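Encoded as structure tokens, the structure appears first; notes follow it.
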Number of protein chains: 2
Amino acid sequence: MAVVVQKFGGTSVGDVDRIRNVANKVKKEYDKGNQVVVVVSAMAGVTNQLVELCGDVNPSYDMKEYDTVVSTGEQVTIGLLAIALQSIGVPARSFTGWQLHMITDEEAGKARIDHIDVDDIKKCLDKGIVPVVAGFQGVDENNRITTLGRGGSDTSAVAIAAALKADRCDIYTDVDGVYTTDPRFVKSARRLDKLTYEEMLEMASLGAKVLQTRSVELAMKYQVNLRVVSSFEEEPIGTTICDEEDIVEKELISGITYSRDEAKITLSGVRDEPGVSAAVFDALASANICVDMIVQTDSADGSRTDITFTLAQGDVNKAISVLDSNHDKIGYHGIKSDTNCVKVSVIGVGMRTHAGIANKMFHALSEKGINVQTISTSEIKISVLIADEYTELAVRALHTAFNLENKHII
Amino acid sequence: MAVVVQKFGGTSVGDVDRIRNVANKVKKEYDKGNQVVVVVSAMAGVTNQLVELCGDVNPSYDMKEYDTVVSTGEQVTIGLLAIALQSIGVPARSFTGWQLHMITDEEAGKARIDHIDVDDIKKCLDKGIVPVVAGFQGVDENNRITTLGRGGSDTSAVAIAAALKADRCDIYTDVDGVYTTDPRFVKSARRLDKLTYEEMLEMASLGAKVLQTRSVELAMKYQVNLRVVSSFEEEPIGTTICDEEDIVEKELISGITYSRDEAKITLSGVRDEPGVSAAVFDALASANICVDMIVQTDSADGSRTDITFTLAQGDVNKAISVLDSNHDKIGYHGIKSDTNCVKVSVIGVGMRTHAGIANKMFHALSEKGINVQTISTSEIKISVLIADEYTELAVRALHTAFNLENKHII
């Protein structure tokens, strides 16, 4: 008898028929004799409606009240799914975040889970009852409702799986797994059977919208056996996300991702002396602006240099005004920004032991005449910034160059 | 400085503009230096949508899950109203039933309030914060969400007013008070300034849909100074519901009500011997059917009689099948039912001390050729059952007979 956590996203519970479909999937697992915990999101579109209502009342709403309003979305789903399960003979009961004692910090709208009390869930499981848990929400020490931020239901599911030491945490979604790249760009994109946590983390934070980054971090920390599967298939296979050592047949490169939410700012004529870079990035950090890639060119005459960095598009105006107000301290000649750029990345744990990946990547891009503006690397990924219009071309070229349509075991 | 509880129904918070209007009404009271607690219903239509969703999943839903789903309606309103209040400079925070420790019994869907912990509310009031409370909902001892049944927000408001020993409990609704009768029938119907709890109780249970009966019972028990006012007027006057001794200028008759949800069943040829009536009404009571008026005619020859009783229309089929299955025990000849009937009542505490009311009532009806089928009376009301098509005629005739368009002080 295994303990299985199943999480169903908004599309999977989008209407009453789909909720019945989910109930059948839960029953299938339950009928195997497994102890099943279900975590659900709000019905597709509901959260957006609730957010809009808050904004209609006042665009600068109190986040604690926002959380009170928005958390009702999941509360509706848990009740309906519990009713649907009972209708097909599966004993079930719903749990909101506060009923579960899903204790979070007080950061309304983006709270982090502090601890979970799974006693009530265990009691249900021991009685053969399926607990149906509202994802995305918790309660802080002051008894106020909190939400975990967009995609937070994944994190709820993983946290519960971790607390229960569940055998498996299945994330049901509208895709049937994690692909080597976006199938809308590359028809031959291949579903990956297995992926390491580290790779998934890079994938998640670089734009593959399958799982929330924090849920992967949490799964890695507590060694939760995570699986991404489709709610719309009869016998889902999906992609398993696990420890590197649990993957016998490792692939060299697991995927090509891209992220469009990128912008570039270049400061020209910056004094090339100690402390200037610090002045730039201290100012940005104080304004809570995350900087991703940084490139500093060597100055020709040793006195002035250019600094280029990338950031989220939404932060560009704020960053420019912050830099402007620190102009005297930094002392640059010019400032320019570019939001017409995209970050394309090659990801794979194989990079740790195999050389030549970067080389192959740059060759593939230059063959298509794509200019690389900025480069950044980690142990298991290489990212480049290119002009937006080359996104599809670059992704296709890289997918072919690394022969990702075929499994390539190292 | 007074403590005032303001309750706003679903129509009053029906959309974002109306929520802003409510916020202004709260601010007006707050700016007078009063401590204000606000109780709200779900936005008009929302509760029905949620009930429908439950029914779509399974018409015989688990009431505990129903309560989980349906209670989200008020949770949305409290968040939105708190945001609206903050926007106009009134510090506010929302409270769900469980956050307030509005403890109820476990009767899902029609729970009764057991006790309320108003400590958190008092703390808010002392800090100048307006607590915005979700009506209609509570939590049972097992930490499950409960609802109080339709119109339960009135009861929530009165219960909080009682617990706080509030100076006033204002029920804001879409009418501007309690009228001598339905203004759709009688144009000269007059808004009553004051009404006793007893009269309001009769009015509420006899079809004047202004207040939930239980809220009036509770107000009477704890001597809560209750006022029905319109949300859509600038300076509402409304109707005050209070103790008889607080009304200096008592009126003889306070109102004419009617209730269409009435049906009549007649058992003919019943054996006229001890225990037969008991057999009839025991059987109905065991099936949880409430009987209202009962009439037993004298038998001509002393051996057989007819029994007529009234009940809610929805219970007719059930009652007939219950009586059928007890046919041998009761021993009647025939059974017939009639749903084409209405109960019209004359209400007023003045009846206690003034004779001739019934007489005047029957005269007024007979003058219009209206046949009275059944009569029942209490200390402060006289009800008659008549054919449905005479409703408007009867109400108008009685309103004129008792000269209700003018104040008539006793």
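Residues in the structure tokens are numbered from 1 in each chain, the chains being A, B, ... in the order shown, and ligands are numbered from 1 in the order shown.
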With all C-alpha atoms matched in order and chain A superposed on chain B by least squares, what's the RMSD to one decimal?
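The superposed chains show a C-alpha RMSD of 0.1 Å.
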Could you go through stretch 228-350 of chain B and tell me which residues DSSP, when run on the backbone, assigns to strand (DSSP E or B), listing them as a ChimeraX atom specification?
/B:228-230,239-242,251,255-271,291-296,304-311,334-347
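In this structure, the chain B residues at most 6 Å away from chain A are Val57, Tyr61, Glu65, Thr68, Val69, Thr72, Val76, Gly79, Ile83 and Ala84 of chain B, with only C-alpha atoms considered.
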Shell of 6 Å around A:Cys341, only C-alpha atoms, local chain residues under 3 positions omitted, as a ChimeraX atom specification:
/A:386-388
Apply DSSP to the structure's backbone, then extract all residues of stretch 183-401 of chain B labelled helix (DSSP H, G or I) and return them as a ChimeraX atom specification.
/B:197-205,213-222,244-246,276-286,313-325,327-330,349-352,357-367,388-401
Would you list the contacts of B:Lys187 as JSON, numbers by chain, taking every protein, DNA or RNA residue within 12 Å and counting only C-alpha atoms, but skipping same-chain residues closer than 6 positions in sequence?
{"B": [179, 180, 181, 392, 395, 396, 399, 400, 404, 405]}
Would you save the residues of that selection, restricted to N, CA and C atoms, as a PDB file, in the first residue's frame?
```
ATOM      1  N   TYR B 179     -43.782  47.327   6.255  1.00  0.00           N
ATOM      2  CA  TYR B 179     -45.005  48.025   5.852  1.00  0.00           C
ATOM      3  C   TYR B 179     -46.246  47.365   6.446  1.00  0.00           C
ATOM      4  N   THR B 180     -47.326  48.122   6.477  1.00  0.00           N
ATOM      5  CA  THR B 180     -48.601  47.595   6.993  1.00  0.00           C
ATOM      6  C   THR B 180     -49.074  46.417   6.146  1.00  0.00           C
ATOM      7  N   THR B 181     -48.705  46.429   4.872  1.00  0.00           N
ATOM      8  CA  THR B 181     -48.918  45.251   4.046  1.00  0.00           C
ATOM      9  C   THR B 181     -48.054  45.383   2.792  1.00  0.00           C
ATOM     10  N   GLU B 392     -55.360  39.314  -3.291  1.00  0.00           N
ATOM     11  CA  GLU B 392     -55.232  40.761  -3.385  1.00  0.00           C
ATOM     12  C   GLU B 392     -56.488  41.458  -2.858  1.00  0.00           C
ATOM     13  N   VAL B 395     -56.524  41.277   0.977  1.00  0.00           N
ATOM     14  CA  VAL B 395     -55.534  42.152   1.611  1.00  0.00           C
ATOM     15  C   VAL B 395     -55.991  43.605   1.541  1.00  0.00           C
ATOM     16  N   ARG B 396     -56.488  44.010   0.348  1.00  0.00           N
ATOM     17  CA  ARG B 396     -56.975  45.390   0.193  1.00  0.00           C
ATOM     18  C   ARG B 396     -58.167  45.671   1.105  1.00  0.00           C
ATOM     19  N   HIS B 399     -56.992  45.962   4.697  1.00  0.00           N
ATOM     20  CA  HIS B 399     -56.203  47.182   4.906  1.00  0.00           C
ATOM     21  C   HIS B 399     -57.128  48.384   5.066  1.00  0.00           C
ATOM     22  N   THR B 400     -58.186  48.390   4.255  1.00  0.00           N
ATOM     23  CA  THR B 400     -59.158  49.484   4.342  1.00  0.00           C
ATOM     24  C   THR B 400     -60.013  49.356   5.602  1.00  0.00           C
ATOM     25  N   LEU B 404     -55.622  51.131   7.819  1.00  0.00           N
ATOM     26  CA  LEU B 404     -54.180  51.087   8.081  1.00  0.00           C
ATOM     27  C   LEU B 404     -53.390  52.169   7.359  1.00  0.00           C
ATOM     28  N   GLU B 405     -53.998  52.824   6.358  1.00  0.00           N
ATOM     29  CA  GLU B 405     -53.240  53.901   5.714  1.00  0.00           C
ATOM     30  C   GLU B 405     -53.007  55.052   6.683  1.00  0.00           C
TER      31      GLU B 405
END
```
What's the separation between atom CA of B:Lys368 and atom CA of B:Pro183, in Å to one decimal place?
20.4 Å
Which is closest to B:Ile375 among B:Lys336, B:Lys343, B:Arg168, B:Lys360, if we use only C-alpha atoms?
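Under the stated criterion, the closest residue is B:Lys343.
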d(atom CA of B:Ala44, atom CA of B:Ile171) in Å
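Here the two named atoms are 15.9 Å from each other.
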I'd like the contact shell of B:Leu385 - 9 Å cut-off, only C-alpha atoms, skipping same-chain residues fewer than 6 positions apart - returned as a PyMOL selection string.
chain B and resi 262+264+293+310+341-345+371-376
Best match for closeness to B:Tyr222 among B:Val178, B:Ala163, B:Val295, B:Cys169, counting only C-alpha atoms
B:Ala163
Given the choices A:Phe309, A:Arg304, A:Gln223, A:Glu251, which gets closest to A:Pro274 if the distance is worked out from only C-alpha atoms?
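So, comparing all the options, the nearest one is A:Arg304.
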Choose the residue, out of A:Gly314, A:Pro131, A:Gly97, A:Pro236, that has the smallest atom-to-atom separation from A:Tyr30; count only C-alpha atoms.
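Of A:Gly314, A:Pro131, A:Gly97, A:Pro236, the one nearest A:Tyr30 is A:Pro131, counting only C-alpha atoms.
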Rank nothing, just name the residue among B:Ile380, B:Val90, B:Val3, B:Ala219 nearest to B:Ala162, using only C-alpha atoms.
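With only C-alpha atoms as the atom set, the closest residue is B:Ala219.
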List as a PyMOL selection string the protein and nucleic acid residues near A:Leu164, meaning an atom at most 9 Å away when only C-alpha atoms are counted, but skip any in the same chain fewer than 2 places from it.
chain A and resi 3+118+121-122+159-162+166-167
Could the residues in this selection be saved with all heavy atoms as a short mmCIF file (atom, residue, chain, number, x, y, z; two decimals), in the first residue's frame?
```cif
data_model
loop_
_atom_site.label_atom_id
_atom_site.label_comp_id
_atom_site.auth_asym_id
_atom_site.auth_seq_id
_atom_site.Cartn_x
_atom_site.Cartn_y
_atom_site.Cartn_z
N VAL A 3 1.42 5.55 -0.28
CA VAL A 3 0.78 6.85 -0.04
C VAL A 3 1.05 7.72 -1.26
O VAL A 3 2.20 7.94 -1.61
CB VAL A 3 1.33 7.52 1.24
CG1 VAL A 3 0.71 8.91 1.41
CG2 VAL A 3 1.07 6.65 2.45
N VAL A 118 -0.02 17.21 9.66
CA VAL A 118 -0.73 16.22 8.84
C VAL A 118 -1.50 15.19 9.66
O VAL A 118 -1.95 14.18 9.13
CB VAL A 118 0.23 15.51 7.84
CG1 VAL A 118 0.55 16.43 6.67
CG2 VAL A 118 1.48 15.02 8.51
N ILE A 121 -4.98 14.59 8.34
CA ILE A 121 -4.91 13.88 7.06
C ILE A 121 -4.64 12.40 7.31
O ILE A 121 -5.27 11.51 6.72
CB ILE A 121 -3.79 14.48 6.20
CG1 ILE A 121 -4.22 15.86 5.72
CG2 ILE A 121 -3.43 13.57 5.05
CD1 ILE A 121 -3.60 16.30 4.44
N LYS A 122 -3.70 12.13 8.21
CA LYS A 122 -3.37 10.72 8.52
C LYS A 122 -4.58 9.99 9.10
O LYS A 122 -4.84 8.84 8.78
CB LYS A 122 -2.20 10.66 9.51
CG LYS A 122 -0.85 10.86 8.83
CD LYS A 122 0.27 10.65 9.85
CE LYS A 122 1.62 10.84 9.18
NZ LYS A 122 2.67 11.14 10.18
N ALA A 159 4.65 19.89 -0.49
CA ALA A 159 4.84 20.04 0.96
C ALA A 159 4.08 18.95 1.71
O ALA A 159 4.59 18.38 2.68
CB ALA A 159 4.37 21.42 1.39
N ILE A 160 2.87 18.65 1.25
CA ILE A 160 2.09 17.60 1.92
C ILE A 160 2.75 16.24 1.68
O ILE A 160 2.86 15.42 2.60
CB ILE A 160 0.63 17.62 1.40
CG1 ILE A 160 -0.07 18.88 1.92
CG2 ILE A 160 -0.13 16.37 1.84
CD1 ILE A 160 -1.40 19.16 1.26
N ALA A 161 3.21 16.00 0.46
CA ALA A 161 3.90 14.75 0.15
C ALA A 161 5.13 14.59 1.03
O ALA A 161 5.40 13.51 1.57
CB ALA A 161 4.28 14.71 -1.33
N ALA A 162 5.86 15.69 1.22
CA ALA A 162 7.06 15.64 2.05
C ALA A 162 6.68 15.33 3.50
O ALA A 162 7.28 14.46 4.14
CB ALA A 162 7.80 16.97 1.96
N ALA A 166 5.29 10.67 1.44
CA ALA A 166 4.50 9.94 0.43
C ALA A 166 5.43 9.21 -0.54
O ALA A 166 6.56 9.63 -0.78
CB ALA A 166 3.61 10.92 -0.33
N ASP A 167 4.93 8.12 -1.08
CA ASP A 167 5.72 7.37 -2.06
C ASP A 167 5.82 8.11 -3.39
O ASP A 167 6.77 7.91 -4.14
CB ASP A 167 5.08 5.99 -2.28
CG ASP A 167 5.10 5.17 -1.01
OD1 ASP A 167 6.10 4.49 -0.77
OD2 ASP A 167 4.13 5.24 -0.24
#
```
Selected residue, from B:Glu389, B:Asp119, B:Glu106, B:Glu233, that lies nearest to B:Gln137 when counting only C-alpha atoms:
B:Glu106
Any idea what's packed within 10 Å of A:Gly238, counting only C-alpha atoms, ignoring anything in its chain fewer than 6 positions away? Could you give it as a ChimeraX atom specification?
/A:170-172,175-179,191-194,227-230
Using N, CA and C atoms, can you write the selected residues to a file as a short mmCIF file (atom, residue, chain, number, x, y, z; two decimals), in the first residue's frame?
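Okay, this is what ended up in part.cif:
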```cif
data_model
loop_
_atom_site.label_atom_id
_atom_site.label_comp_id
_atom_site.auth_asym_id
_atom_site.auth_seq_id
_atom_site.Cartn_x
_atom_site.Cartn_y
_atom_site.Cartn_z
N ASP A 170 2.06 13.06 -7.72
CA ASP A 170 1.74 13.19 -9.15
C ASP A 170 1.09 14.54 -9.42
N ILE A 171 1.71 15.33 -10.28
CA ILE A 171 1.17 16.64 -10.64
C ILE A 171 0.43 16.47 -11.97
N TYR A 172 -0.92 16.45 -11.90
CA TYR A 172 -1.72 16.33 -13.11
C TYR A 172 -1.92 17.71 -13.73
N VAL A 175 -0.60 19.11 -19.87
CA VAL A 175 0.40 18.52 -20.76
C VAL A 175 0.80 17.16 -20.17
N ASP A 176 1.36 16.30 -21.01
CA ASP A 176 1.61 14.94 -20.53
C ASP A 176 3.02 14.73 -20.04
N GLY A 177 3.73 15.82 -19.74
CA GLY A 177 5.05 15.67 -19.18
C GLY A 177 5.93 16.85 -19.55
N VAL A 178 7.21 16.70 -19.28
CA VAL A 178 8.18 17.75 -19.60
C VAL A 178 8.84 17.36 -20.92
N TYR A 179 8.92 18.31 -21.84
CA TYR A 179 9.44 18.05 -23.17
C TYR A 179 10.84 18.62 -23.35
N ARG A 191 9.01 13.91 -25.22
CA ARG A 191 8.72 13.88 -23.79
C ARG A 191 9.86 13.17 -23.07
N LEU A 192 10.31 13.74 -21.98
CA LEU A 192 11.40 13.14 -21.22
C LEU A 192 10.81 12.17 -20.20
N ASP A 193 11.40 10.99 -20.08
CA ASP A 193 10.91 10.04 -19.08
C ASP A 193 11.31 10.48 -17.67
N LYS A 194 12.59 10.87 -17.60
CA LYS A 194 13.09 11.25 -16.28
C LYS A 194 13.93 12.52 -16.38
N ARG A 227 6.08 13.52 -10.21
CA ARG A 227 5.79 13.08 -11.56
C ARG A 227 4.83 14.09 -12.20
N VAL A 228 5.12 14.51 -13.43
CA VAL A 228 4.21 15.40 -14.16
C VAL A 228 3.44 14.55 -15.15
N VAL A 229 2.10 14.51 -15.03
CA VAL A 229 1.29 13.68 -15.91
C VAL A 229 0.08 14.45 -16.41
N SER A 230 -0.54 13.94 -17.46
CA SER A 230 -1.70 14.61 -18.04
C SER A 230 -2.99 14.13 -17.41
#
```
